[in-house]
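Have a look at the structure below before the remarks.
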Amino acid sequence: MAAVHRFTWVVAILGSVALVAAVALSLATRPLPASAIQYLFTVPVPFIAAGVFLLWRHPGNRSAHLLVLGTAGAMAFAALLERVIKNRVAESGTEPWMSWALLLESLVMVLGLACLSLLIGLFPSGTAETSAERRFAKLVWYMPIPVLLAQLANESVVVEPVTYGQLDPFPNPIYVEALSWLGPATRPIRSALGVVIIVGLVLLMLRYRRTNPAARRQIRWVALGSAGAIALGVVPFIIAPLLDPNSYLHGDLLLSIGSFPLVLIPLSIVMAIEQPEWLDTDEFVSKSVTYGALSVGIFVIYGAIAAGLGLAAGARLPLEVAIIVTAVLAFAFQPARAWLQGIADRWVFGDRPTPIEAIADFDRSMSDTGNLNGHLAETVRRSARLAWVEVDIPPEPAVASGQPHGDAAFTAPIRHEAVTYGTIRCGPKLKGPFRTEDGDLIAALASQTALIVSNARLAARIVHAQEAERRRLERNIHDGAQQELVALVAKLGLARARVKSGGVDESTFIELQRDAGNILKDLRDLAQGIHPSVLTDGGLVEAVEDRCSRLPIDVVVETSPGLRSQRFNDEVEGAAYFFVTEGLTNVLKHANATAARVAIHADADLEIVVTDNGGGFEPERTAWNGLAGLMDRFAALSGDVSVAAEDGSGTVLQGRIPIASGP
């Protein structure tokens with residue numbers, strides 16, 4: 001990529017030098033070629049200036065490279081060559097080098113055309129994404145072949161008819177007489193190759209339909225600039241017949257005025273890639289489409305009416321009639337403005353989605369973008385048609401779509417099951433006040449986002465808990481049973497040596513038996529931490545009583561009648577048991593308590609409460625760690641966990657799980 005970037009800069013510099021030289025030669029020519037100078041400043045200069053600017057600002061952007069290569073090749077060098085050849089022909093006639101220069105120019109032009117067609121068809125990424133785009137990207141590079149064939153088959157050099165058509169034919173030094181039968185068929189090839197631009201536009205529209213909202217906004221800029229250039233370019237041809245046929249507005253000057261709007265095309269490409277924060281792109285495009293369509297419609301109808309009246313009268317339209325016609329049309333088109341604005345809004349923003357449609361589109365697009373904050377801001381802004389949206393989900397930095405300014409018109413919390421993960425701050429509506437359906441739509445997207453964040457963090461905590469438990473088991477086995485087994489193996493080796501020497505006695509085997517018993521006890525304690533056998537064999541109440549009986553403080557266990565003989569699903573019993581053990585562990589570690597109570601009751605839910613007489617704590621200032629794992633475990637069983645604590649007043653840890661009786 002670095003080599004391509006350097007090459008593009010070389011082409012940009014050479015193209016800029018060629019363009020400056022073309023302008024200087026045009027200004028030095030007498031009589032002054034006004035149409036040529038106007039063409040230079042409305043086509044090559046803006047295009048190559050836009051390309052150089054984007055190449056400097058976005059060196060990794062493929063569209064910037066294509067714009068520079070296309071304009072430098074297809075416009076700058078061609079403009080310089082045209083000026084040099086026309087000046088020399090005017091002074092001394094046709095010269096042999098001109099034929100070779102025009103042959104080279106035809107190949108450079110078609111390569112520039114290939115770059116421009118790729119710029120349009122693959123905008124804004126500049127890379128092919130579908131099989132059709134990949135085939136198009138390969139085929140355009142074969143365009144020099146038919147151009148070369150046309151040159152070989154024609155006795156005179158095939159040139160651009162608009163540029164060189166008024167000059168005498170240039171002898172073709174590479175003409176092959178055996179191919180002359182192809183001459184008439186191949187001569188129009190160079191002009192016909194312009195169809196690749198149309199193919200690129202078709203691919204661009206297909207890409208617009210399937211791409212993400214951010215890329216659509218960029219494509220809309222280019223579509224607006226191209227449509228505006230075409231629409232404004234035809235205006236002179238509409239109003240010209242209304243004026244005096246002897247007016248100065250005709251011929252080359254009419255073509256010159258009609259080409260001025262072409263500046264909108266490179267400008268729209270710059271705006272699409274730059275995405276300036278000070279401009280609301282969607283609102284600007286929507287307004288431009290609306291008023292542009294209105295203006296063109298008024299001009300067309302005005303021209304038709306005026307031409308008809310002028311034809312009937314046999315003279316040009318009187319000024320008084322023109323004023324009346326203009327006023328009537330302006331008044332008549334006012335109702336059409338709202339209709340056109342609705343069409344423009346639907347094209348820019350899309351049809352207003354229902355909450356379900358917005359969530360479905362949000363979920364589908366998330367798999368492509370992966371940027372939750374940015375994608376949520378973009379989706380909310382586009383769906384609710386807002387001026388700006390800012391999404392803040394700590395610890396990630398806040399992300400905005402549009403330029404936030406002033407106070408938020410609407411704020412929605414990103415909350416799931418009483419846990420708030422962030423907020424969505426919304427700017428004002430682009431049109432009208434906030435409505436109930438706007439709030440419902442934003443709330444639905446906030447709820448879906450909260451669920452995504454909750455699931456993602458739950459998955460992260462589960463992975464962390466699994467890794468921590470694995471390391472705990474590994475550490476306990478290594479530091480406990482493994483070390484004792486190593487010592488036991490060593491002692492067995494010594495005992496074996498003593499057996500051979502006859503120095504072993506009963507005390508040796510007693511010691512070995514004691515060591516083996518200690519190892520067995522360590523392994524049982526380790527297994528007890530994974531899943532105690534007493535829980536499997538005796539049930540929840542017996543397992544809790546067994547655990548409490550081995551604690552260094554007084555613990556009272558209270559249960560509802562008949563609960564001792566009642567069994568629950570393994571997941572429920574395991575969650576309830578470890579809830580009690582985690583709660584009591586926290587009592588021993590942090591509460592500085594002398595007594596605790598465990599209450600277990602079962603009705604529609606299994607409810608477990610662990611209380612102590614310790615010092616309490618401030619929940620909002622405490623890292624929950626193990627309790628977070630309990631909450632995840634209970635949430636997976638549709639249950640919940642709550643903590644009530646105050647400094648100096650003890651702690652109440654309460655858990656609830658919906659239950660179904662039976663094993």
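We label chains A, B, ... in the order they appear in the structure tokens, count residues from 1 in each chain, and number ligands from 1 in the order shown.
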(message) Could you list, as JSON, numbers by chain, every residue within 6 Å of stretch 183-192 of chain A, counting only C-alpha atoms and ignoring same-chain residues fewer than 3 positions away?
(response) {"A": [150, 153, 154, 180]}
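Excluding stretch 576-579 of chain A and any residue on its chain fewer than 2 positions from it, the residues at most 9 Å away by only C-alpha atoms are Leu535, Leu540, Val541, Ala543, Val544, Glu571, Val572, Glu573, Gly574, Thr581, Glu582, Gly583, Leu584, Leu606, Glu607, Ile608, Val610, Leu627, Leu630, Phe634, Gly655, Arg656 and Ile657 of chain A.
Take atom CA of A:Leu55 and atom CA of A:Gly70: the distance between them is 13.0 Å.
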Could you pull the residues within 12 Å of A:Ser649, counting only C-alpha atoms, minus those fewer than 5 positions along the same chain, as a PDB file with N, CA and C atoms, in the first residue's frame?
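Final output, saved to around_32.pdb:
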```pdb
ATOM      1  N   ALA A 591     -17.313  -9.182  58.010  1.00  0.00           N
ATOM      2  CA  ALA A 591     -18.355  -8.598  58.861  1.00  0.00           C
ATOM      3  C   ALA A 591     -17.916  -8.395  60.312  1.00  0.00           C
ATOM      4  N   ASN A 592     -16.875  -9.119  60.733  1.00  0.00           N
ATOM      5  CA  ASN A 592     -16.477  -9.060  62.146  1.00  0.00           C
ATOM      6  C   ASN A 592     -17.667  -9.396  63.048  1.00  0.00           C
ATOM      7  N   ALA A 593     -18.406 -10.464  62.629  1.00  0.00           N
ATOM      8  CA  ALA A 593     -19.637 -10.847  63.328  1.00  0.00           C
ATOM      9  C   ALA A 593     -19.360 -11.960  64.323  1.00  0.00           C
ATOM     10  N   THR A 611     -28.213 -13.578  57.360  1.00  0.00           N
ATOM     11  CA  THR A 611     -28.050 -12.337  58.112  1.00  0.00           C
ATOM     12  C   THR A 611     -26.942 -12.495  59.133  1.00  0.00           C
ATOM     13  N   ASP A 612     -26.363 -11.387  59.584  1.00  0.00           N
ATOM     14  CA  ASP A 612     -25.313 -11.426  60.600  1.00  0.00           C
ATOM     15  C   ASP A 612     -25.441 -10.197  61.485  1.00  0.00           C
ATOM     16  N   ASN A 613     -24.725 -10.212  62.603  1.00  0.00           N
ATOM     17  CA  ASN A 613     -24.738  -9.082  63.538  1.00  0.00           C
ATOM     18  C   ASN A 613     -23.449  -8.269  63.452  1.00  0.00           C
ATOM     19  N   GLY A 614     -22.842  -8.289  62.255  1.00  0.00           N
ATOM     20  CA  GLY A 614     -21.567  -7.604  62.073  1.00  0.00           C
ATOM     21  C   GLY A 614     -21.710  -6.118  61.822  1.00  0.00           C
ATOM     22  N   GLY A 615     -20.628  -5.525  61.281  1.00  0.00           N
ATOM     23  CA  GLY A 615     -20.566  -4.086  61.117  1.00  0.00           C
ATOM     24  C   GLY A 615     -21.237  -3.547  59.875  1.00  0.00           C
ATOM     25  N   GLY A 616     -21.661  -4.421  58.947  1.00  0.00           N
ATOM     26  CA  GLY A 616     -22.288  -3.943  57.723  1.00  0.00           C
ATOM     27  C   GLY A 616     -21.290  -3.289  56.779  1.00  0.00           C
ATOM     28  N   PHE A 617     -21.801  -2.721  55.686  1.00  0.00           N
ATOM     29  CA  PHE A 617     -20.944  -2.044  54.720  1.00  0.00           C
ATOM     30  C   PHE A 617     -21.820  -1.151  53.843  1.00  0.00           C
ATOM     31  N   GLU A 618     -21.162  -0.385  52.959  1.00  0.00           N
ATOM     32  CA  GLU A 618     -21.887   0.465  52.005  1.00  0.00           C
ATOM     33  C   GLU A 618     -21.858  -0.219  50.648  1.00  0.00           C
ATOM     34  N   ALA A 644     -29.023  -5.877  51.604  1.00  0.00           N
ATOM     35  CA  ALA A 644     -29.375  -4.716  52.425  1.00  0.00           C
ATOM     36  C   ALA A 644     -28.334  -4.611  53.529  1.00  0.00           C
TER      37      ALA A 644
END
```
(request) Run DSSP on the backbone and grab whatever in stretch 3-154 of chain A lands in alpha helix (DSSP H); send it over as a ChimeraX atom specification. (result) /A:3-28,34-42,44-57,62-71,77-92,96-121,131-139,144-153
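If you count only C-alpha atoms and ignore residues fewer than 2 places along the chain from stretch 387-398 of chain A, what sits within 7 Å of it is A:Asn373, A:Ala377, A:Arg381, A:Arg385, A:Ala400, A:Ser401, A:Gly402, A:Gln403, A:Pro404, A:Tyr421, A:Gly422, A:Thr423, A:Ile424, A:Arg425, A:Cys426, A:Gly427, A:Pro428, A:Lys429, A:Leu430.
For the pair atom CA of A:Met98 and atom CA of A:Leu40, the interatomic distance is 21.3 Å.
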